[in-house]
Structures are given as structure tokens and as C-alpha cells.
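Listing of my_file_33.txt; format and content: compact mmCIF, C-alpha atoms.
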# COMPACT_ATOMS: atom_id res chain seq x y z
CA MET B 1 0.00 0.00 0.00
CA LYS B 2 1.36 3.39 -1.00
CA ARG B 3 2.03 5.64 1.96
CA THR B 4 0.39 9.07 1.97
CA ARG B 5 2.96 11.79 2.43
CA TYR B 6 2.39 14.62 4.88
CA GLN B 7 2.39 17.97 3.14
CA LEU B 8 4.13 20.92 4.68
CA GLY B 9 3.45 23.02 1.62
CA SER B 10 5.75 25.81 0.54
CA LEU B 11 5.82 29.46 1.49
CA THR B 12 7.46 32.09 -0.66
CA ARG B 13 7.71 35.85 -0.59
CA GLU B 14 6.72 37.60 -3.79
CA ALA B 15 7.01 41.25 -4.76
CA ARG B 16 4.06 43.20 -6.14
CA LYS B 17 4.05 46.07 -8.63
CA ALA B 18 2.05 48.11 -6.15
CA GLY B 19 2.10 47.77 -2.40
CA PRO B 20 4.22 45.60 -0.12
CA ALA B 21 5.42 42.09 -0.94
CA VAL B 22 3.14 39.19 -0.01
CA TRP B 23 3.56 35.65 1.33
CA ILE B 24 2.28 32.91 -1.04
CA TYR B 25 1.45 29.45 0.31
CA ARG B 26 1.40 26.52 -2.16
CA TRP B 27 0.11 22.96 -1.72
CA ARG B 28 -1.32 20.09 -3.77
CA GLU B 29 -4.77 18.57 -3.98
CA GLY B 30 -4.19 15.30 -5.82
CA ASP B 31 -2.57 16.28 -9.11
CA VAL B 32 -3.68 19.88 -8.87
CA HIS B 33 -1.36 22.61 -7.59
CA ARG B 34 -2.98 25.24 -5.39
CA LYS B 35 -1.82 28.58 -4.00
CA THR B 36 -3.21 31.45 -1.95
CA VAL B 37 -2.04 34.77 -0.56
CA VAL B 38 -1.49 34.50 3.20
CA GLY B 39 -0.89 38.21 3.81
CA ASP B 40 1.62 40.96 3.16
CA VAL B 41 4.96 41.51 4.89
CA LYS B 42 3.49 44.29 7.01
CA LYS B 43 1.09 41.84 8.60
CA PHE B 44 3.59 38.96 8.82
CA ARG B 45 7.09 40.40 9.16
CA THR B 46 8.93 37.06 9.26
CA LYS B 47 8.53 33.79 7.41
CA ALA B 48 7.93 32.04 10.73
CA ASP B 49 4.95 34.31 11.42
CA ALA B 50 3.52 33.61 7.98
CA MET B 51 4.05 29.84 8.37
CA ALA B 52 2.18 29.91 11.68
CA ALA B 53 -0.74 31.57 9.89
CA CYS B 54 -0.80 28.68 7.39
CA GLU B 55 -1.66 26.02 9.99
CA GLN B 56 -5.29 25.70 8.90
CA LEU B 57 -4.23 25.51 5.25
CA ARG B 58 -1.79 22.69 6.07
CA ARG B 59 -4.48 20.78 7.96
CA ASN B 60 -6.80 21.09 4.98
CA ALA B 61 -4.11 19.97 2.57
CA ASN B 62 -3.41 16.85 4.62
CA ARG B 63 -7.09 15.99 4.92
CA GLN B 64 -7.12 15.90 1.13
CA VAL B 65 -9.99 18.35 0.99
CA LYS B 66 -12.16 17.67 -2.05
CA THR B 67 -12.38 20.48 -4.58
CA PRO B 68 -16.00 21.72 -4.64
CA HIS B 69 -17.88 20.83 -7.82
CA THR B 70 -21.37 21.97 -6.83
CA VAL B 71 -22.72 25.15 -5.28
CA GLY B 72 -23.61 23.16 -2.16
CA GLU B 73 -20.01 21.98 -1.77
CA LEU B 74 -18.77 25.52 -2.36
CA VAL B 75 -21.09 26.79 0.38
CA GLY B 76 -19.53 24.22 2.76
CA HIS B 77 -16.03 25.43 1.89
CA TYR B 78 -17.11 29.06 2.27
CA ARG B 79 -18.64 28.38 5.68
CA GLU B 80 -15.47 26.73 6.91
CA GLN B 81 -12.86 29.07 5.50
CA GLU B 82 -14.42 32.49 5.00
CA LEU B 83 -17.68 33.11 6.83
CA PRO B 84 -16.29 33.00 10.40
CA LYS B 85 -13.51 35.48 9.59
CA GLY B 86 -13.99 39.22 9.63
CA LYS B 87 -17.79 39.05 9.79
CA SER B 88 -19.88 40.33 12.67
CA PRO B 89 -22.39 37.92 14.26
CA SER B 90 -25.30 39.78 12.66
CA THR B 91 -23.64 39.63 9.21
CA ARG B 92 -22.97 35.89 9.59
CA ASP B 93 -26.59 35.34 10.61
CA GLY B 94 -27.78 37.32 7.59
CA TYR B 95 -25.57 35.36 5.19
CA GLU B 96 -26.72 32.05 6.69
CA CYS B 97 -30.34 33.09 6.27
CA TYR B 98 -29.90 33.84 2.56
CA LEU B 99 -27.88 30.66 2.02
CA LYS B 100 -30.38 28.36 3.73
CA THR B 101 -33.59 30.02 2.54
CA TRP B 102 -32.82 30.90 -1.05
CA ILE B 103 -29.44 29.92 -2.50
CA LEU B 104 -29.06 26.29 -1.39
CA PRO B 105 -32.66 25.19 -2.15
CA MET B 106 -32.40 26.57 -5.69
CA TRP B 107 -28.73 26.16 -6.62
CA GLY B 108 -27.25 23.66 -4.16
CA GLU B 109 -27.21 20.72 -6.59
CA TYR B 110 -25.99 22.75 -9.57
CA LYS B 111 -22.44 22.27 -10.79
CA LEU B 112 -20.41 25.46 -10.63
CA SER B 113 -20.07 25.40 -14.40
CA ASP B 114 -23.87 25.29 -14.80
CA VAL B 115 -24.50 28.55 -12.92
CA ARG B 116 -25.14 31.09 -15.66
CA THR B 117 -25.46 34.86 -15.36
CA VAL B 118 -28.76 35.22 -17.23
CA ALA B 119 -30.30 32.23 -15.40
CA VAL B 120 -29.48 33.75 -12.00
CA GLU B 121 -30.80 37.12 -13.14
CA SER B 122 -34.07 35.55 -14.30
CA TRP B 123 -34.42 33.57 -11.07
CA LEU B 124 -33.90 36.67 -8.92
CA GLN B 125 -36.79 38.37 -10.72
CA SER B 126 -39.05 35.53 -9.55
CA VAL B 127 -38.00 35.67 -5.89
CA PRO B 128 -40.99 37.04 -3.91
CA ARG B 129 -38.97 39.57 -1.96
CA SER B 130 -38.20 43.28 -2.18
CA LEU B 131 -35.59 44.65 -4.57
CA GLY B 132 -33.28 45.23 -1.61
CA SER B 133 -33.56 41.60 -0.47
CA ARG B 134 -32.95 40.31 -3.99
CA ALA B 135 -29.87 42.52 -4.22
CA LYS B 136 -28.59 41.00 -0.97
CA ILE B 137 -29.13 37.47 -2.29
CA ARG B 138 -27.14 38.44 -5.36
CA SER B 139 -24.37 39.86 -3.17
CA VAL B 140 -24.11 36.64 -1.14
CA MET B 141 -23.93 34.55 -4.34
CA SER B 142 -21.25 36.87 -5.69
CA ALA B 143 -19.30 36.52 -2.43
CA LEU B 144 -19.45 32.73 -2.83
CA PHE B 145 -17.94 32.79 -6.31
CA SER B 146 -15.39 35.45 -5.36
CA HIS B 147 -14.31 33.07 -2.61
CA ALA B 148 -14.04 30.28 -5.19
CA THR B 149 -11.85 32.36 -7.52
CA ARG B 150 -9.64 33.59 -4.67
CA TRP B 151 -9.02 30.00 -3.56
CA GLU B 152 -8.58 28.92 -7.21
CA LEU B 153 -11.49 26.52 -6.89
CA TYR B 154 -13.12 28.06 -9.96
CA ASP B 155 -11.91 30.43 -12.63
CA ARG B 156 -14.70 33.02 -12.89
CA ASN B 157 -17.53 34.74 -11.05
CA PRO B 158 -20.75 34.37 -13.09
CA ILE B 159 -22.62 36.64 -10.65
CA ALA B 160 -20.42 39.66 -11.42
CA LEU B 161 -22.56 40.58 -14.43
CA VAL B 162 -25.94 39.78 -12.85
CA ARG B 163 -28.13 42.90 -12.91
CA GLN B 164 -30.33 43.40 -9.87
CA SER B 165 -31.65 46.76 -8.79
CA ALA B 166 -31.57 47.66 -5.10
CA LYS B 167 -33.74 50.75 -5.59
CA ARG B 168 -35.88 51.56 -2.57
CA GLU B 169 -39.53 50.65 -3.21
CA LYS B 170 -41.03 52.62 -0.33
CA VAL B 171 -40.31 56.14 0.84
CA PRO B 172 -38.79 55.97 4.35
CA VAL B 173 -41.07 57.03 7.19
CA VAL B 174 -40.18 60.47 8.56
CA LEU B 175 -41.64 62.18 11.62
CA THR B 176 -41.99 65.93 11.97
CA ALA B 177 -40.75 67.74 15.07
CA VAL B 178 -44.37 68.13 16.20
CA GLU B 179 -44.98 64.38 15.87
CA ILE B 180 -41.82 63.57 17.83
CA ARG B 181 -42.93 65.88 20.64
CA SER B 182 -46.36 64.22 20.68
CA LEU B 183 -44.77 60.79 20.80
CA LEU B 184 -42.47 61.75 23.68
CA SER B 185 -45.43 63.05 25.67
CA GLU B 186 -47.06 59.60 25.51
CA LEU B 187 -43.99 57.60 26.57
CA GLN B 188 -42.91 56.55 30.06
CA GLU B 189 -39.32 55.99 31.20
CA PRO B 190 -36.96 54.62 30.06
CA TYR B 191 -38.58 54.74 26.64
CA ARG B 192 -39.02 58.52 26.66
CA THR B 193 -35.29 59.03 27.24
CA MET B 194 -34.47 56.34 24.68
CA VAL B 195 -36.56 57.97 21.95
CA PHE B 196 -35.33 61.46 22.87
CA LEU B 197 -31.74 60.21 22.56
CA ALA B 198 -32.47 58.50 19.24
CA ALA B 199 -34.22 61.58 17.84
CA THR B 200 -31.48 64.03 18.88
CA THR B 201 -28.42 61.94 17.98
CA ALA B 202 -29.59 59.68 15.07
CA LEU B 203 -27.95 56.69 16.72
CA ARG B 204 -28.66 53.35 15.10
CA ALA B 205 -30.61 50.86 17.27
CA SER B 206 -27.51 48.67 17.67
CA GLU B 207 -25.50 51.69 18.87
CA LEU B 208 -28.23 53.15 21.07
CA LEU B 209 -28.79 49.95 23.05
CA ALA B 210 -25.06 49.25 23.32
CA LEU B 211 -24.45 52.45 25.29
CA GLN B 212 -23.03 52.15 28.79
CA TRP B 213 -22.81 54.96 31.33
CA ARG B 214 -19.02 55.10 30.92
CA ASP B 215 -19.62 56.21 27.30
CA MET B 216 -21.21 59.43 28.54
CA ASP B 217 -18.49 62.02 29.09
CA PHE B 218 -20.51 64.73 30.81
CA ASP B 219 -17.41 66.86 31.46
CA ALA B 220 -16.22 66.88 27.84
CA GLY B 221 -19.76 67.01 26.46
CA GLN B 222 -19.33 63.91 24.31
CA ILE B 223 -20.92 60.52 23.72
CA ARG B 224 -18.14 58.08 22.91
CA LEU B 225 -19.08 55.20 20.62
CA SER B 226 -17.07 51.98 20.64
CA ARG B 227 -19.49 49.05 20.19
CA GLY B 228 -22.80 47.88 18.84
CA ILE B 229 -25.10 45.10 20.00
CA VAL B 230 -27.21 42.84 17.78
CA HIS B 231 -29.28 39.97 19.20
CA GLN B 232 -27.48 40.58 22.50
CA LYS B 233 -24.08 39.98 20.89
CA ILE B 234 -21.43 42.71 21.08
CA THR B 235 -20.30 43.83 17.62
CA ALA B 236 -17.80 46.28 16.19
CA MET B 237 -19.01 49.63 14.90
CA LYS B 238 -20.39 49.64 11.38
CA THR B 239 -17.72 51.89 9.83
CA GLU B 240 -14.73 54.02 10.77
CA ALA B 241 -16.96 57.09 10.56
CA SER B 242 -19.41 55.44 12.99
CA ARG B 243 -16.81 55.53 15.76
CA LYS B 244 -16.67 59.32 15.84
CA PRO B 245 -17.98 60.79 19.13
CA LEU B 246 -21.24 62.72 19.20
CA PRO B 247 -21.98 66.02 20.97
CA LEU B 248 -23.63 65.68 24.37
CA THR B 249 -25.61 68.92 24.53
CA ALA B 250 -26.68 70.50 27.82
CA GLU B 251 -30.34 69.52 27.31
CA LEU B 252 -29.47 65.94 26.41
CA ALA B 253 -27.03 65.69 29.32
CA LEU B 254 -29.77 66.83 31.70
CA VAL B 255 -32.23 64.23 30.36
CA LEU B 256 -29.63 61.47 30.70
CA ALA B 257 -28.57 62.59 34.18
CA ASN B 258 -32.20 62.53 35.33
CA TRP B 259 -32.64 59.02 33.96
CA ARG B 260 -29.40 57.86 35.60
CA ALA B 261 -30.64 59.14 38.95
CA LYS B 262 -33.84 57.09 38.61
CA CYS B 263 -32.67 53.85 36.99
CA ALA B 264 -31.72 50.69 38.87
CA TYR B 265 -28.47 50.16 36.97
CA ASN B 266 -26.42 53.36 36.96
CA GLN B 267 -22.83 52.28 37.48
CA SER B 268 -20.10 52.99 34.96
CA ASN B 269 -20.22 49.58 33.25
CA ASP B 270 -24.02 49.26 33.34
CA TRP B 271 -26.12 49.54 30.18
CA VAL B 272 -27.88 52.87 29.87
CA PHE B 273 -31.07 51.01 28.95
CA ALA B 274 -30.63 47.81 30.95
CA SER B 275 -33.26 45.08 31.02
CA LEU B 276 -34.85 44.60 34.44
CA ASP B 277 -35.95 41.11 33.42
CA LYS B 278 -32.30 40.17 32.84
CA LYS B 279 -31.21 41.91 36.08
CA GLY B 280 -29.13 44.40 34.14
CA THR B 281 -26.95 41.81 32.39
CA GLN B 282 -28.39 42.74 28.99
CA PRO B 283 -29.85 45.85 27.41
CA LEU B 284 -33.46 45.97 26.26
CA TRP B 285 -34.47 44.28 23.02
CA PRO B 286 -35.29 46.84 20.28
CA GLU B 287 -38.18 44.79 18.84
CA ASN B 288 -39.88 44.60 22.24
CA VAL B 289 -39.40 48.32 22.83
CA LEU B 290 -41.06 49.15 19.51
CA ARG B 291 -43.90 46.65 19.73
CA ARG B 292 -44.85 47.12 23.37
CA HIS B 293 -44.12 50.77 23.98
CA VAL B 294 -43.19 53.05 21.06
CA ARG B 295 -45.87 52.03 18.54
CA PRO B 296 -48.74 51.97 21.09
CA ALA B 297 -47.62 55.43 22.25
CA ALA B 298 -47.63 56.62 18.63
CA MET B 299 -51.22 55.40 18.22
CA ARG B 300 -52.26 57.28 21.36
CA ALA B 301 -50.61 60.40 19.92
CA GLY B 302 -52.61 60.00 16.70
CA ILE B 303 -49.54 59.04 14.61
CA THR B 304 -50.49 56.40 12.01
CA LYS B 305 -47.01 56.01 10.51
CA ARG B 306 -45.23 52.72 11.24
CA ILE B 307 -42.24 53.66 13.34
CA GLY B 308 -38.92 51.84 13.58
CA PHE B 309 -35.67 52.96 15.18
CA HIS B 310 -34.33 53.99 11.78
CA THR B 311 -37.32 56.35 11.48
CA PHE B 312 -35.62 58.65 13.97
CA ARG B 313 -32.43 58.61 11.91
CA HIS B 314 -34.28 59.59 8.72
CA SER B 315 -36.28 62.19 10.65
CA PHE B 316 -33.08 63.66 12.12
CA ALA B 317 -31.57 64.12 8.64
CA THR B 318 -34.75 65.59 7.18
CA ILE B 319 -35.28 68.06 10.04
CA LEU B 320 -31.66 69.21 9.74
CA ARG B 321 -32.26 69.87 6.07
CA SER B 322 -35.49 71.76 6.73
CA ASN B 323 -33.53 73.88 9.23
CA HIS B 324 -31.06 74.71 6.43
CA GLU B 325 -28.13 73.15 8.29
CA ASP B 326 -24.90 72.70 6.37
CA ILE B 327 -24.72 69.33 4.56
CA LYS B 328 -21.24 68.67 5.97
CA THR B 329 -22.59 69.16 9.49
CA ALA B 330 -25.42 66.72 8.77
CA GLN B 331 -22.98 64.19 7.36
CA GLU B 332 -20.77 64.41 10.43
CA LEU B 333 -23.68 64.10 12.86
CA LEU B 334 -25.09 61.09 10.98
CA ARG B 335 -21.55 59.70 10.74
CA HIS B 336 -21.83 58.88 7.05
CA ALA B 337 -18.71 58.15 5.03
CA ASN B 338 -19.79 60.70 2.41
CA SER B 339 -22.41 63.41 1.96
CA LYS B 340 -24.07 61.69 -1.03
CA VAL B 341 -25.59 59.08 1.29
CA THR B 342 -26.82 61.85 3.57
CA MET B 343 -28.54 63.76 0.76
CA ASP B 344 -29.79 60.94 -1.47
CA THR B 345 -30.83 58.32 1.07
CA TYR B 346 -31.61 59.98 4.38
CA THR B 347 -33.19 63.35 3.69
CA GLN B 348 -36.60 64.27 2.36
CA ALA B 349 -38.38 67.58 2.05
CA PHE B 350 -41.50 68.07 4.18
CA ASP B 351 -44.59 69.06 2.21
CA PRO B 352 -44.61 72.66 3.58
CA ALA B 353 -41.01 73.05 2.48
CA LYS B 354 -41.88 71.77 -1.01
CA ILE B 355 -44.83 74.18 -1.24
CA ALA B 356 -42.70 77.13 -0.09
CA ALA B 357 -39.98 76.27 -2.62
CA GLN B 358 -42.53 76.04 -5.43
CA GLU B 359 -44.09 79.36 -4.41
CA ARG B 360 -40.67 81.06 -4.40
CA LEU B 361 -40.00 79.67 -7.87
CA ALA B 362 -43.43 80.74 -9.15
CA ASP B 363 -42.89 84.25 -7.79
CA MET B 364 -39.88 84.55 -10.07
CA PHE B 365 -42.06 83.94 -13.14
CA VAL B 366 -45.07 86.10 -12.23
CA PRO B 367 -43.87 89.26 -14.02
CA ILE B 368 -43.10 87.27 -17.17
CA CYS B 369 -46.50 85.59 -17.10
CA SER B 370 -48.18 88.93 -16.56
CA ARG B 371 -46.42 90.48 -19.54
CA GLY B 372 -47.27 87.47 -21.67
CA SER B 373 -50.96 87.73 -20.95
CA ALA B 374 -51.16 91.47 -21.41
Would you put the structure from the file into C-alpha cells?
Amino acid sequence: MKRTRYQLGSLTREARKAGPAVWIYRWREGDVHRKTVVGDVKKFRTKADAMAACEQLRRNANRQVKTPHTVGELVGHYREQELPKGKSPSTRDGYECYLKTWILPMWGEYKLSDVRTVAVESWLQSVPRSLGSRAKIRSVMSALFSHATRWELYDRNPIALVRQSAKREKVPVVLTAVEIRSLLSELQEPYRTMVFLAATTALRASELLALQWRDMDFDAGQIRLSRGIVHQKITAMKTEASRKPLPLTAELALVLANWRAKCAYNQSNDWVFASLDKKGTQPLWPENVLRRHVRPAAMRAGITKRIGFHTFRHSFATILRSNHEDIKTAQELLRHANSKVTMDTYTQAFDPAKIAAQERLADMFVPICSRGSA
């Protein structure tokens, strides 16, 4: 019987035309030669460091991992090698949902070579979900095939040319300042403080509920942001811009100080909106807050719009615009990477503002119209 040799693989340093040199690890799968980039020399300064990072690759090589031939097999490889790395728990959960619900049932048995661009595009049009959800399914499929090409498991990404619009189908719900005041008047603590904080800072739900009292720098007048929380799991902030501190105005500081004086969990490491049911070990759940407290309060206030936590973020941007605040200021307060997102996605004009703008425009043409009719 022929003895199976243990593979150490080979590691070489290769220069690049642009950027630092990289470490390349090579191994064999049967008669096929494989290679992958381990990292650059800034990340792994010595060959020993790079070799240590190849441990999982060596284990795979010596298990004689089978090259994926179907989408289902590729999903297995992706789950093992890529999905756990660099993805937040909420992102992993989202990817798993799209894989299990849509991609595997439809494409799991297909050979990689049988996945065609036009076929995927046609299938996406039949998926009974919003344009945004279809675009996310497309993105997950594209990530799968990008993974395959990076690992040299397949030579192309058929999803790269798939056309799928992600255009918003519904106008985001926006509350006026009057509606927000009415809503606040119907809320009890801690939900009044929570909504006031959301409406005046545009914090995302994951950021709002991840706040601890140590994040409130009352002396410096800042709210420091360093974490999010999704399904009670601590996550990193969404973007680099998201980590920028927010102003803690005098009015907001007073509201928060009053709540801290009343709440059961007010120590430095306690959650600002701690769950009494969980004895302060977890913050409140956003879905429960909306369903049991915010939406019933909105109904009592005569507000028929369906409110979510992102409603306050859209409202914040729109009210800033109606107040003629500088777009750069709005971008910084919303912590967007660029002002295009602020203007195109988050702001709307209230009807009175639209009417006033149209009237100002019409006033410019009145003399001309008058002369024309004379």
C-alpha cells in the first residue's frame, strides 16, 4: 500500500508592482497545484509568522480536501474558510439566512459550471422579496464565487454581471418635530429618554442599546461610541466614521442625568437602557421596545405612521435639512462616510417646504407671465 505523504506546503515571498510584498502558500490537492495569498509583509514580518498563519491551510491539505464541484459543496467550503472570519455575528446570521432560505434550495445541486449569469438574473426576478432583499441574495452569491476564484477553486464569477436593482420601493417614514414631541409626551421611562436620545443623535438601534454609562463624558460634552449590539451579541461599529464621538448637549445631558438618577443600573459599566428582566446583564431588546411601547404610544398620539428605530435617523436628517443646516454638518452628525448618502438616502423635504420652494419659484415667473398675458 502506498504511503500518503504529509504535506508541509511551501511558502514564498513575492514582490508586487504596487504595495508591499506578499507571502504565497502553495500545496497540492491530488494532481492539482494550489496557491493562496497568506498576507503581506506588514502583517507577517517574518517567514515564521507567515508559516504559523498557514496552519489551517496545512491541515486542509493533509485531509485531502475535495475540490468543490457543486454550489452546495462551495457553500460548505465558504462556511469553513471564509464566513467565520472578519464578519460580525449579525452579518454571519444574515448570510446564513440567505444561504439556507434561497441559495441552497435553488442552486445547491448545480455544478459550478452550470450557474449562468442570465439564469441567475431571471431567477432573482421571480423571488418574492423586495428589490433590496434580492440585491442582498445576489451579493451573497457573488461573495461565494469570489471566494471560489480567490481559492482557485473556480476560474470566474458568473454573478459579477448579474443585474439586480436595489432601488428603494417605499419612501422611508419620517416624523416631523411636532410628531416627535407628541410621541415623547405619551412615553414613560426609560422609553421617553431612549426615543429622545435617538431623535437628537440619530444613533442606530444597535449603537443606542449598546451604550453604557461610561460612554457618557458629561465633562467633555461627548458621547463616545465603541461598540454595537445585535441579538445581545457585542459587535464592532459599522464603519470608521461610525466611531466618531457625538456632541452631548446640555439639554441631552440633563435628560440622561435625570434618567441615571432614577434607573436601577447606573454604574459605569451598566447599560444605559438595561433590562430589568435580565437583572441588568443585557440591554433591552429593540423589537420589544417598539412593539410594546413606542408604537402603542404613537397610536395614542394620533400618529399612524409605522415607526422603527431607523425612522428617527431619517427624521433627524430631514429636520436638519429643513432647518437649512450645512450638509457637511449633517454628514458628520449622521456619521456617514460621504455626503451623497446623507442627501440621497436619508433626507426628504416636508410638504410645507416643497410648497414654499414652489411658491418662491413661481414668484420669479409672475412678471413674465403677466407680460405674456397682457
Long-range neighbours of Val38 of chain B as a list of chain:residue names, 10 Å cut-off, only C-alpha atoms, 2 positions minimum in chain: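 Here the answer would be B:Leu11, B:Val22, B:Trp23, B:Ile24, B:Tyr25, B:Lys35, B:Thr36, B:Asp40, B:Val41, B:Lys43, B:Phe44, B:Ala50, B:Met51, B:Ala53, B:Cys54, B:Leu57.
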Given all atoms listed in the file as the counted atoms, nearest of B:Glu186, B:Glu207, B:Glu82, B:Glu14 to Arg243 of chain B: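 Using all atoms listed in the file, the shortest distance to Arg243 of chain B belongs to B:Glu207.
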Among listed residues B:Thr201, B:Arg156, B:Arg13, B:Pro20, nearest Leu320 of chain B (using all atoms listed in the file):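 Among the listed residues, B:Thr201 lies closest to Leu320 of chain B.
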d(atom CA of Leu74 of chain B, atom CA of Ser10 of chain B) in Å: 24.7 Å
From the options B:Ser126, B:Ser322, B:Gln56, B:Thr304, which residue's atoms come nearest to Leu183 of chain B, counting all atoms listed in the file? B:Thr304
Which polymer residues have any atom within 10 Å of an atom of Pro247 of chain B, counting all atoms listed in the file, with same-chain residues fewer than 3 positions away left out, as a list in words?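 Near neighbours after the sequence-gap exclusion: Thr200, Thr201, Asp217, Ala220, Gly221, Gln222, Ile223, Arg224, Lys244, Ala250, Leu252, Ala253 and Leu333 of chain B.
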Here is a test: counting only C-alpha atoms, which residue of B:Leu248, B:Leu144, B:Ile319, B:Ala210 is nearest to His231 of chain B? B:Ala210
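Those residues positioned at most 12 Å from (-20.9, 38.9, -16.1) are Val115, Arg116, Thr117, Val118, Ala119, Val120, Glu121, Ser142, Phe145, Arg156, Asn157, Pro158, Ile159, Ala160, Leu161, Val162 and Arg163 of chain B, judged using all atoms listed in the file.
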Quick check, in Å to one decimal: how far apart do atom CA of Arg26 of chain B and atom CA of Arg79 of chain B lie?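 Distance reported for this atom pair: 21.6 Å.
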Non-local contacts of Ile234 of chain B (10 Å; all atoms listed in the file; under 3 positions in same chain excluded) as a short mmCIF file (atom, residue, chain, number, x, y, z; two decimals) with C-alpha atoms, in the coordinates of the input:
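Done, and the output landed in result_29.cif:
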data_model
loop_
_atom_site.label_atom_id
_atom_site.label_comp_id
_atom_site.auth_asym_id
_atom_site.auth_seq_id
_atom_site.Cartn_x
_atom_site.Cartn_y
_atom_site.Cartn_z
CA SER B 88 -19.88 40.33 12.67
CA PRO B 89 -22.39 37.92 14.26
CA SER B 90 -25.30 39.78 12.66
CA SER B 206 -27.51 48.67 17.67
CA ALA B 210 -25.06 49.25 23.32
CA ARG B 227 -19.49 49.05 20.19
CA GLY B 228 -22.80 47.88 18.84
CA ILE B 229 -25.10 45.10 20.00
CA VAL B 230 -27.21 42.84 17.78
CA HIS B 231 -29.28 39.97 19.20
CA MET B 237 -19.01 49.63 14.90
#
At what distance in Å, to one decimal, does atom CA of Arg295 of chain B lie from atom CA of Thr311 of chain B?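 Rounded to one decimal, the two atoms are 11.9 Å apart.
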Of the candidates B:Arg150, B:Arg300, B:Lys278, B:Lys170, which shows the shortest atom-to-atom distance to Ser185 of chain B, using all atoms listed in the file?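 Smallest distance to Ser185 of chain B is found for B:Arg300.
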Show which residues sit within 8 Å of Leu334 of chain B, as JSON, numbers by chain. Count all atoms listed in the file, and ignore same-chain residues fewer than 5 positions away. {"B": [201, 202, 203, 313, 317, 342]}
